[in-house]
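For reference, upload-v9.csv is printed below; it contains CSV, C-alpha atoms.
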chain,number,residue,atom,x,y,z
A,1,MET,CA,0.0,-30.9,-33.8
A,2,VAL,CA,-1.0,-27.5,-35.0
A,3,TRP,CA,0.2,-24.3,-33.4
A,4,ILE,CA,-3.1,-23.5,-31.8
A,5,ASP,CA,-2.7,-26.6,-29.6
A,6,TYR,CA,0.6,-25.3,-28.3
A,7,LEU,CA,-1.2,-22.0,-27.5
A,8,PHE,CA,-3.8,-24.0,-25.6
A,9,TYR,CA,-1.1,-25.9,-23.6
A,10,ALA,CA,0.6,-22.5,-22.8
A,11,PHE,CA,-2.9,-21.3,-21.6
A,12,ALA,CA,-3.3,-24.3,-19.4
A,13,LEU,CA,0.1,-23.7,-17.8
A,14,VAL,CA,-0.8,-20.1,-17.2
A,15,CYS,CA,-4.1,-21.2,-15.6
A,16,LEU,CA,-2.1,-23.5,-13.4
A,17,LEU,CA,0.2,-20.7,-12.2
A,18,GLN,CA,-2.8,-18.5,-11.4
A,19,VAL,CA,-4.4,-21.3,-9.4
A,20,VAL,CA,-1.2,-21.8,-7.5
A,21,PHE,CA,-0.9,-18.1,-6.7
A,22,TYR,CA,-4.5,-17.7,-5.6
A,23,PHE,CA,-4.8,-21.0,-3.7
A,24,LEU,CA,-1.4,-21.1,-2.0
A,25,PHE,CA,-0.9,-17.3,-1.3
A,26,LEU,CA,-3.7,-14.8,-2.0
A,27,LYS,CA,-6.4,-16.7,-0.2
A,28,ASN,CA,-4.4,-16.6,3.0
A,29,PHE,CA,-5.5,-13.0,3.8
A,30,ALA,CA,-9.0,-13.3,2.4
A,31,LEU,CA,-9.9,-16.2,4.7
A,32,GLU,CA,-8.0,-14.7,7.7
A,33,LYS,CA,-10.0,-13.4,10.7
A,34,PRO,CA,-8.8,-10.2,12.4
A,35,SER,CA,-6.9,-10.9,15.6
A,36,LYS,CA,-7.9,-9.1,18.7
A,37,PRO,CA,-4.7,-8.4,20.7
A,38,LYS,CA,-4.9,-6.8,24.1
A,39,HIS,CA,-4.7,-3.0,24.0
A,40,LYS,CA,-1.5,-1.9,25.6
A,41,ASN,CA,-1.7,1.9,25.9
A,42,ILE,CA,2.0,2.3,25.0
A,43,ALA,CA,3.3,5.8,24.2
A,44,VAL,CA,3.0,6.4,20.5
A,45,SER,CA,4.4,9.1,18.2
A,46,VAL,CA,2.2,9.8,15.1
A,47,LEU,CA,4.4,11.2,12.2
A,48,ILE,CA,3.0,13.2,9.3
A,49,CYS,CA,5.4,14.6,6.7
A,50,ALA,CA,3.8,17.4,4.7
A,51,LYS,CA,4.9,19.4,1.7
A,52,ASN,CA,2.5,22.1,0.5
A,53,GLU,CA,-0.5,20.4,2.3
A,54,ALA,CA,-2.1,23.4,4.1
A,55,GLU,CA,-5.6,22.6,2.9
A,56,ASN,CA,-5.4,18.9,3.7
A,57,LEU,CA,-3.9,19.5,7.2
A,58,THR,CA,-6.8,21.9,8.0
A,59,ARG,CA,-9.3,19.3,7.0
A,60,PHE,CA,-7.7,16.0,8.3
A,61,LEU,CA,-5.4,16.8,11.2
A,62,PRO,CA,-8.3,17.2,13.7
A,63,SER,CA,-9.2,13.5,13.1
A,64,ILE,CA,-5.7,12.6,14.4
A,65,LEU,CA,-5.8,14.9,17.3
A,66,GLU,CA,-9.2,13.6,18.4
A,67,GLN,CA,-8.0,10.0,18.8
A,68,GLU,CA,-9.2,8.4,22.0
A,69,TYR,CA,-5.8,7.2,23.2
A,70,PRO,CA,-4.2,8.2,26.5
A,71,ASN,CA,-0.5,8.7,25.5
A,72,PHE,CA,0.4,10.0,22.1
A,73,GLU,CA,2.1,12.9,20.4
A,74,VAL,CA,1.8,14.2,16.8
A,75,VAL,CA,5.1,15.0,15.1
A,76,LEU,CA,4.3,17.4,12.2
A,77,ILE,CA,7.2,17.6,9.6
A,78,ASP,CA,7.1,20.6,7.3
A,79,ASP,CA,9.3,19.7,4.3
A,80,ASP,CA,10.2,23.2,3.2
A,81,SER,CA,6.7,24.0,2.0
A,82,SER,CA,6.0,27.1,-0.1
A,83,ASP,CA,2.4,27.5,0.9
A,84,ASP,CA,0.8,28.0,4.4
A,85,THR,CA,1.6,24.5,5.6
A,86,LEU,CA,4.0,25.7,8.4
A,87,GLU,CA,1.5,28.4,9.6
A,88,ILE,CA,-1.3,25.8,9.8
A,89,MET,CA,0.9,23.5,11.8
A,90,GLU,CA,1.9,26.3,14.2
A,91,SER,CA,-1.8,27.3,14.7
A,92,PHE,CA,-2.6,23.7,15.7
A,93,ALA,CA,0.5,23.5,17.9
A,94,GLU,CA,-0.7,26.6,19.8
A,95,LYS,CA,-3.9,24.7,20.7
A,96,HIS,CA,-2.5,21.2,21.4
A,97,THR,CA,0.4,20.6,23.7
A,98,ASN,CA,1.0,17.1,22.2
A,99,ILE,CA,2.1,18.5,18.9
A,100,LYS,CA,5.8,18.7,18.0
A,101,LEU,CA,7.0,20.7,15.0
A,102,VAL,CA,9.9,19.8,12.8
A,103,LYS,CA,10.9,22.4,10.2
A,104,VAL,CA,13.0,21.0,7.4
A,105,LYS,CA,15.2,23.2,5.2
A,106,ASN,CA,16.4,21.6,2.0
A,107,VAL,CA,20.1,21.0,1.7
A,108,GLU,CA,21.7,20.3,-1.6
A,109,ALA,CA,22.6,16.7,-0.9
A,110,PHE,CA,19.0,15.8,0.0
A,111,TRP,CA,17.1,18.2,-2.2
A,112,SER,CA,13.3,17.5,-2.1
A,113,ASN,CA,13.9,14.1,-0.5
A,114,LYS,CA,11.0,12.9,1.7
A,115,LYS,CA,13.3,10.3,3.4
A,116,TYR,CA,15.5,13.1,4.7
A,117,ALA,CA,12.5,14.9,6.2
A,118,LEU,CA,11.1,11.8,7.7
A,119,THR,CA,14.5,10.9,9.2
A,120,LEU,CA,14.5,14.3,11.0
A,121,GLY,CA,11.0,13.7,12.2
A,122,ILE,CA,11.8,10.2,13.5
A,123,LYS,CA,14.9,11.6,15.4
A,124,ALA,CA,12.6,14.2,17.0
A,125,ALA,CA,9.9,11.8,18.1
A,126,SER,CA,9.8,11.3,21.8
A,127,ASN,CA,8.5,7.8,21.8
A,128,ASP,CA,9.8,4.4,20.6
A,129,PHE,CA,6.6,3.3,18.9
A,130,LEU,CA,6.1,5.2,15.6
A,131,LEU,CA,2.9,5.4,13.6
A,132,PHE,CA,2.9,7.0,10.1
A,133,THR,CA,0.2,8.5,7.9
A,134,ASP,CA,-0.1,11.2,5.3
A,135,ALA,CA,-1.5,14.8,5.4
A,136,ASP,CA,-4.4,13.9,3.2
A,137,CYS,CA,-5.4,10.9,5.4
A,138,LYS,CA,-7.9,10.5,8.1
A,139,PRO,CA,-8.6,7.4,10.4
A,140,VAL,CA,-12.0,5.9,10.1
A,141,SER,CA,-12.4,5.8,13.9
A,142,LYS,CA,-11.1,7.4,17.0
A,143,ASP,CA,-9.5,4.1,17.9
A,144,TRP,CA,-7.0,4.0,15.1
A,145,ILE,CA,-3.9,4.4,17.3
A,146,ARG,CA,-5.2,1.9,19.8
A,147,HIS,CA,-5.8,-0.8,17.2
A,148,MET,CA,-2.5,-0.3,15.3
A,149,SER,CA,-0.4,-0.1,18.4
A,150,SER,CA,-2.0,-3.1,20.0
A,151,HIS,CA,-0.1,-5.4,17.6
A,152,PHE,CA,3.3,-4.4,18.9
A,153,SER,CA,5.1,-6.9,21.1
A,154,ASN,CA,8.6,-7.9,22.0
A,155,GLU,CA,8.8,-9.8,18.8
A,156,LYS,CA,6.5,-7.8,16.5
A,157,THR,CA,8.2,-4.5,15.7
A,158,LEU,CA,6.5,-3.7,12.4
A,159,VAL,CA,2.8,-3.3,11.8
A,160,LEU,CA,1.2,-3.1,8.4
A,161,GLY,CA,-2.2,-1.4,8.1
A,162,TYR,CA,-4.7,-0.7,5.3
A,163,GLY,CA,-4.9,2.7,3.6
A,164,ALA,CA,-8.1,3.0,1.7
A,165,TYR,CA,-9.3,5.8,-0.7
A,166,GLU,CA,-12.4,7.9,-0.3
A,167,LYS,CA,-15.3,6.8,-2.4
A,168,THR,CA,-16.5,9.0,-5.2
A,169,LYS,CA,-20.0,8.2,-6.4
A,170,GLY,CA,-20.4,7.5,-10.1
A,171,SER,CA,-16.7,7.6,-10.9
A,172,LEU,CA,-15.2,4.7,-12.9
A,173,LEU,CA,-11.7,6.0,-12.2
A,174,ASN,CA,-12.4,6.0,-8.5
A,175,LYS,CA,-13.5,2.4,-8.6
A,176,LEU,CA,-10.4,1.5,-10.5
A,177,ILE,CA,-8.1,3.3,-8.0
A,178,ARG,CA,-9.8,1.5,-5.1
A,179,PHE,CA,-9.7,-1.8,-6.9
A,180,GLU,CA,-5.9,-1.4,-7.4
A,181,THR,CA,-5.5,-0.5,-3.8
A,182,LEU,CA,-7.6,-3.5,-2.6
A,183,PHE,CA,-5.6,-5.8,-5.0
A,184,THR,CA,-2.3,-4.5,-3.7
A,185,ALA,CA,-3.4,-5.0,-0.1
A,186,ILE,CA,-4.5,-8.5,-0.8
A,187,GLN,CA,-1.0,-9.2,-2.2
A,188,TYR,CA,1.1,-7.7,0.6
A,189,PHE,CA,-1.2,-9.0,3.4
A,190,SER,CA,-1.3,-12.5,1.9
A,191,PHE,CA,2.4,-12.7,1.3
A,192,THR,CA,3.0,-11.5,4.9
A,193,LYS,CA,0.7,-14.2,6.1
A,194,SER,CA,2.7,-16.7,4.1
A,195,GLY,CA,5.9,-15.5,5.8
A,196,MET,CA,7.2,-13.3,3.0
A,197,PRO,CA,6.4,-9.6,3.8
A,198,TYR,CA,7.6,-7.4,1.0
A,199,MET,CA,5.9,-4.0,1.2
A,200,ALA,CA,3.5,-1.7,2.9
A,201,VAL,CA,1.9,1.7,2.4
A,202,GLY,CA,3.0,4.8,4.3
A,203,ARG,CA,-0.6,5.9,4.7
A,204,ASN,CA,-0.9,3.4,7.5
A,205,LEU,CA,2.3,1.9,8.8
A,206,ALA,CA,3.9,1.5,12.3
A,207,TYR,CA,7.3,0.4,13.5
A,208,ARG,CA,9.6,0.8,16.4
A,209,LYS,CA,12.3,3.5,16.3
A,210,ASP,CA,15.1,1.0,17.1
A,211,LEU,CA,14.1,-1.0,14.0
A,212,PHE,CA,14.6,2.1,11.9
A,213,PHE,CA,18.0,3.0,13.4
A,214,ASN,CA,19.3,-0.6,13.5
A,215,ALA,CA,18.7,-0.7,9.7
A,216,ARG,CA,20.6,2.6,9.3
A,217,GLY,CA,17.3,4.3,8.4
A,218,PHE,CA,16.8,4.8,4.7
A,219,MET,CA,20.6,4.9,3.9
A,220,ASN,CA,20.5,1.7,1.7
A,221,HIS,CA,18.1,3.3,-0.7
A,222,LEU,CA,18.4,7.0,0.1
A,223,HIS,CA,19.3,7.6,-3.6
A,224,VAL,CA,15.8,6.4,-4.6
A,225,ARG,CA,13.5,9.3,-4.1
A,226,SER,CA,10.4,7.1,-3.5
A,227,GLY,CA,10.1,4.1,-1.2
A,228,ASP,CA,10.1,5.5,2.3
A,229,ASP,CA,7.4,2.9,3.0
A,230,ASP,CA,7.7,-0.1,0.7
A,231,LEU,CA,11.5,-0.1,0.3
A,232,PHE,CA,12.1,0.2,4.0
A,233,VAL,CA,9.6,-2.6,4.7
A,234,ASN,CA,11.1,-4.7,2.0
A,235,GLU,CA,14.5,-4.3,3.7
A,236,VAL,CA,13.6,-4.9,7.3
A,237,ALA,CA,10.4,-7.0,7.3
A,238,THR,CA,10.7,-10.7,8.3
A,239,SER,CA,8.2,-13.5,9.0
A,240,LYS,CA,8.8,-13.0,12.7
A,241,ASN,CA,8.9,-9.2,13.2
A,242,THR,CA,5.9,-8.3,11.1
A,243,ALA,CA,2.2,-8.1,12.2
A,244,LEU,CA,-0.9,-7.2,10.2
A,245,CYS,CA,-3.7,-4.9,11.4
A,246,PHE,CA,-6.9,-4.8,9.3
A,247,SER,CA,-9.7,-4.4,11.8
A,248,PRO,CA,-12.4,-1.9,10.6
A,249,GLU,CA,-11.3,0.6,13.2
A,250,SER,CA,-7.7,0.6,12.1
A,251,VAL,CA,-8.2,1.8,8.5
A,252,THR,CA,-7.2,5.2,7.2
A,253,ILE,CA,-8.9,6.9,4.2
A,254,SER,CA,-7.0,9.2,1.8
A,255,LEU,CA,-8.1,11.5,-1.0
A,256,PRO,CA,-7.9,9.7,-4.4
A,257,LYS,CA,-6.5,11.3,-7.5
A,258,LYS,CA,-9.2,13.0,-9.6
A,259,THR,CA,-7.8,12.6,-13.1
A,260,TYR,CA,-6.2,9.6,-14.9
A,261,LYS,CA,-3.0,11.6,-15.6
A,262,GLU,CA,-2.5,12.4,-11.8
A,263,TRP,CA,-3.1,8.7,-10.9
A,264,ILE,CA,-0.7,7.5,-13.5
A,265,MET,CA,2.0,9.8,-12.2
A,266,GLN,CA,1.4,8.5,-8.7
A,267,LYS,CA,1.5,4.9,-9.8
A,268,ARG,CA,4.7,5.5,-11.8
A,269,ARG,CA,6.5,6.6,-8.7
A,270,HIS,CA,5.3,3.6,-6.7
A,271,ILE,CA,6.1,1.0,-9.4
A,272,SER,CA,9.5,2.5,-10.1
A,273,THR,CA,10.7,1.3,-6.7
A,274,ALA,CA,9.8,-2.4,-7.3
A,275,HIS,CA,13.1,-3.2,-9.1
A,276,TYR,CA,14.9,-2.4,-5.8
A,277,TYR,CA,13.0,-5.2,-4.0
A,278,LYS,CA,14.7,-8.3,-2.9
A,279,PHE,CA,15.4,-10.6,-5.8
A,280,TRP,CA,12.9,-13.4,-5.0
A,281,HIS,CA,10.2,-10.8,-4.3
A,282,GLN,CA,10.8,-9.4,-7.8
A,283,VAL,CA,10.7,-12.9,-9.4
A,284,ILE,CA,7.4,-13.8,-7.7
A,285,LEU,CA,5.7,-10.5,-8.4
A,286,THR,CA,6.9,-10.5,-12.0
A,287,LEU,CA,5.7,-14.1,-12.5
A,288,PHE,CA,2.3,-13.3,-11.0
A,289,PHE,CA,1.8,-10.2,-13.2
A,290,ALA,CA,3.0,-12.2,-16.3
A,291,SER,CA,0.6,-15.0,-15.6
A,292,GLN,CA,-2.3,-12.5,-15.3
A,293,LEU,CA,-1.4,-10.8,-18.5
A,294,LEU,CA,-0.9,-14.0,-20.4
A,295,PHE,CA,-4.1,-15.5,-19.1
A,296,TRP,CA,-6.2,-12.8,-20.7
A,297,LEU,CA,-4.2,-12.6,-23.9
A,298,PHE,CA,-4.3,-16.4,-24.5
A,299,LEU,CA,-8.0,-16.6,-23.6
A,300,ILE,CA,-8.8,-13.8,-26.1
A,301,PHE,CA,-6.7,-15.4,-28.8
A,302,LEU,CA,-8.2,-18.9,-28.3
A,303,ILE,CA,-11.7,-17.5,-28.4
A,304,VAL,CA,-11.1,-15.5,-31.5
A,305,LEU,CA,-9.4,-18.5,-33.2
A,306,GLY,CA,-12.5,-20.6,-32.4
A,307,PHE,CA,-10.8,-23.1,-30.0
A,308,SER,CA,-13.3,-25.3,-28.2
A,309,TRP,CA,-14.7,-23.4,-25.2
A,310,LYS,CA,-15.8,-26.7,-23.6
A,311,ILE,CA,-12.2,-27.8,-23.3
A,312,MET,CA,-11.2,-24.5,-21.6
A,313,LEU,CA,-14.3,-24.2,-19.4
A,314,SER,CA,-13.1,-26.2,-16.4
A,315,MET,CA,-9.7,-24.3,-16.3
A,316,ILE,CA,-11.4,-20.9,-16.6
A,317,GLY,CA,-14.0,-21.9,-14.0
A,318,ILE,CA,-11.5,-23.0,-11.4
A,319,ARG,CA,-9.4,-19.8,-11.9
A,320,PHE,CA,-12.4,-17.5,-11.7
A,321,PHE,CA,-13.8,-19.4,-8.7
A,322,LEU,CA,-10.6,-18.9,-6.7
A,323,VAL,CA,-10.3,-15.2,-7.8
A,324,SER,CA,-13.9,-14.4,-6.9
A,325,LEU,CA,-13.5,-16.2,-3.6
A,326,VAL,CA,-10.4,-14.1,-2.7
A,327,PHE,CA,-11.9,-10.8,-3.9
A,328,PHE,CA,-15.3,-11.4,-2.3
A,329,TYR,CA,-14.0,-12.0,1.2
A,330,ALA,CA,-11.2,-9.5,1.0
A,331,SER,CA,-13.5,-6.7,-0.3
A,332,LYS,CA,-16.0,-7.5,2.4
A,333,LYS,CA,-13.3,-7.4,5.1
A,334,LEU,CA,-11.9,-4.1,3.9
A,335,ASN,CA,-15.2,-2.5,3.1
A,336,GLU,CA,-14.6,-2.3,-0.6
A,337,LYS,CA,-17.5,-4.5,-1.7
A,338,ASP,CA,-18.7,-2.2,-4.5
A,339,VAL,CA,-15.5,-3.0,-6.5
A,340,PHE,CA,-16.0,-6.7,-6.3
A,341,TYR,CA,-19.0,-7.1,-8.7
A,342,LEU,CA,-17.1,-6.1,-11.8
A,343,PHE,CA,-13.7,-7.4,-10.8
A,344,PRO,CA,-12.9,-9.1,-14.2
A,345,PHE,CA,-13.4,-5.7,-15.9
A,346,TYR,CA,-11.2,-3.9,-13.3
A,347,GLU,CA,-8.6,-6.6,-13.5
A,348,VAL,CA,-8.2,-6.2,-17.3
A,349,CYS,CA,-8.1,-2.4,-17.0
A,350,LEU,CA,-5.5,-2.6,-14.2
A,351,ILE,CA,-3.3,-5.0,-16.3
A,352,GLY,CA,-3.4,-2.5,-19.1
A,353,VAL,CA,-2.5,0.4,-16.8
A,354,GLN,CA,0.4,-1.5,-15.2
A,355,LEU,CA,1.8,-2.5,-18.7
A,356,HIS,CA,1.5,1.1,-19.8
A,357,ILE,CA,3.4,2.3,-16.7
A,358,PHE,CA,6.1,-0.3,-17.0
A,359,ILE,CA,6.8,0.7,-20.7
A,360,ARG,CA,6.8,4.5,-19.8
A,361,ASN,CA,9.1,3.9,-16.9
A,362,LEU,CA,11.6,2.2,-19.2
A,363,PHE,CA,12.0,5.5,-21.2
A,364,SER,CA,11.6,8.2,-18.6
A,365,LYS,CA,11.8,8.7,-14.9
A,366,PRO,CA,8.7,9.4,-12.9
A,367,ILE,CA,8.3,12.7,-11.0
A,368,THR,CA,9.2,12.3,-7.3
A,369,TRP,CA,8.2,14.0,-4.0
A,370,LYS,CA,6.4,17.3,-4.5
Let me see whether you can do it: turn the structure in this file into structure tokens.
Amino acid sequence: MVWIDYLFYAFALVCLLQVVFYFLFLKNFALEKPSKPKHKNIAVSVLICAKNEAENLTRFLPSILEQEYPNFEVVLIDDDSSDDTLEIMESFAEKHTNIKLVKVKNVEAFWSNKKYALTLGIKAASNDFLLFTDADCKPVSKDWIRHMSSHFSNEKTLVLGYGAYEKTKGSLLNKLIRFETLFTAIQYFSFTKSGMPYMAVGRNLAYRKDLFFNARGFMNHLHVRSGDDDLFVNEVATSKNTALCFSPESVTISLPKKTYKEWIMQKRRHISTAHYYKFWHQVILTLFFASQLLFWLFLIFLIVLGFSWKIMLSMIGIRFFLVSLVFFYASKKLNEKDVFYLFPFYEVCLIGVQLHIFIRNLFSKPITWK
């Protein structure tokens, strides 16, 4: 048996792993229908932590204040900004009685630590039900609070939402950013549906205040500058206490990075937190990424070496059928259909980006909170 046969058998094993991941896990969200829980009109505190976000607050804060919800406050946290962020917050507070301001002054022990600022904001919040977003985010509808809060119950104390990015016409980078965002959402939504919630995004996340304090807040990972969203969720989320909200009215939209360099810096911060995840989450996610990388590497090598494409066709066909099924329904559900049509190209690009970031993070630490 020549070595190319061993390469083919390795390729077959990788294809099998990919089929298992997509068939057993990732299809769970793609084929899921949004639930319609009863609206509860519970008192909600919306928290926005901002550092040097004067322009974005001016642009996006009105979409939060215009929410059609009977009982909510907005907690604005100024994390020791050096621009006009605090002045903008104060000008909004003069016009809206449901705004509460939290002014954070850096202390040496928590220098430029977003988790410290968020903790002060959570303590200041008047309500038990907390809804988080960022200063550069806007809800797509005036019913965002209503939809996210409707998933709370006596058992469900943590609600994961979808945070999309604004579309930029004619930008390949924008499509890649939105493909990565969609792909990440497919993973954490699907694993949550399978009873293994492991992360969320702070652009659209809700939980009860007592869940935060019972876990001692961010104390277990306070030394990690990033991870106020995914590390906290990884620590406290269970199959019983976590709910998903992905109705069209519940989505938030953020400003995407405009350059590749800025996006890489952002992704380096996000990926750097992954090795603090629970052990089995790390194993599963690493195995999935490795199977993706090896699928494309083995496929390219076998084609270049002239291995019979007819023998590989059925395996490749099953894999791409499942992947296209997942991405088609998920992209339709989350209004990201324009990134579906070239998903093999975006997938290869994203694998390259993730490999590049992983190698860079081995040799240098990413820049943290502004």
Next on the checklist: Measuring between all atoms listed in the file, which one of A:Phe307, A:Tyr188, A:Phe25, A:Tyr198 shows the shortest distance to Thr238 in chain A?
Outcome noted: A:Tyr198
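Taking only C-alpha atoms into account, Trp296 in chain A lies nearest to A:Cys15 out of the set A:Leu211, A:Ala274, A:Cys15, A:Ile4.
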Per residue of range 250-308 of chain A within 6 Å of range 163-167 of chain A, record the nearest atom pair and its distance in Å to one decimal, counting only C-alpha atoms, with rows in chain order and ascending residue number, as JSON lines.
{"residue": "A:Val251", "atom": "CA", "partner": "A:Gly163", "partner_atom": "CA", "distance": 6.0}
{"residue": "A:Thr252", "atom": "CA", "partner": "A:Gly163", "partner_atom": "CA", "distance": 4.9}
{"residue": "A:Ile253", "atom": "CA", "partner": "A:Ala164", "partner_atom": "CA", "distance": 4.7}
{"residue": "A:Ser254", "atom": "CA", "partner": "A:Tyr165", "partner_atom": "CA", "distance": 4.8}
{"residue": "A:Leu255", "atom": "CA", "partner": "A:Glu166", "partner_atom": "CA", "distance": 5.7}
{"residue": "A:Pro256", "atom": "CA", "partner": "A:Tyr165", "partner_atom": "CA", "distance": 5.6}
Item to check | From A:Phe129, A:Phe328, A:Tyr207, A:Trp263, residue lying nearest Gly161 in chain A [only C-alpha atoms] | outcome: A:Tyr207
Checklist entry - Nearest to Leu118 in chain A among A:Pro62, A:Gly227, A:Pro139, A:Pro70, with distances taken over all atoms listed in the file: which residue is it? => result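 For Leu118 in chain A, the nearest of the given residues is A:Gly227.
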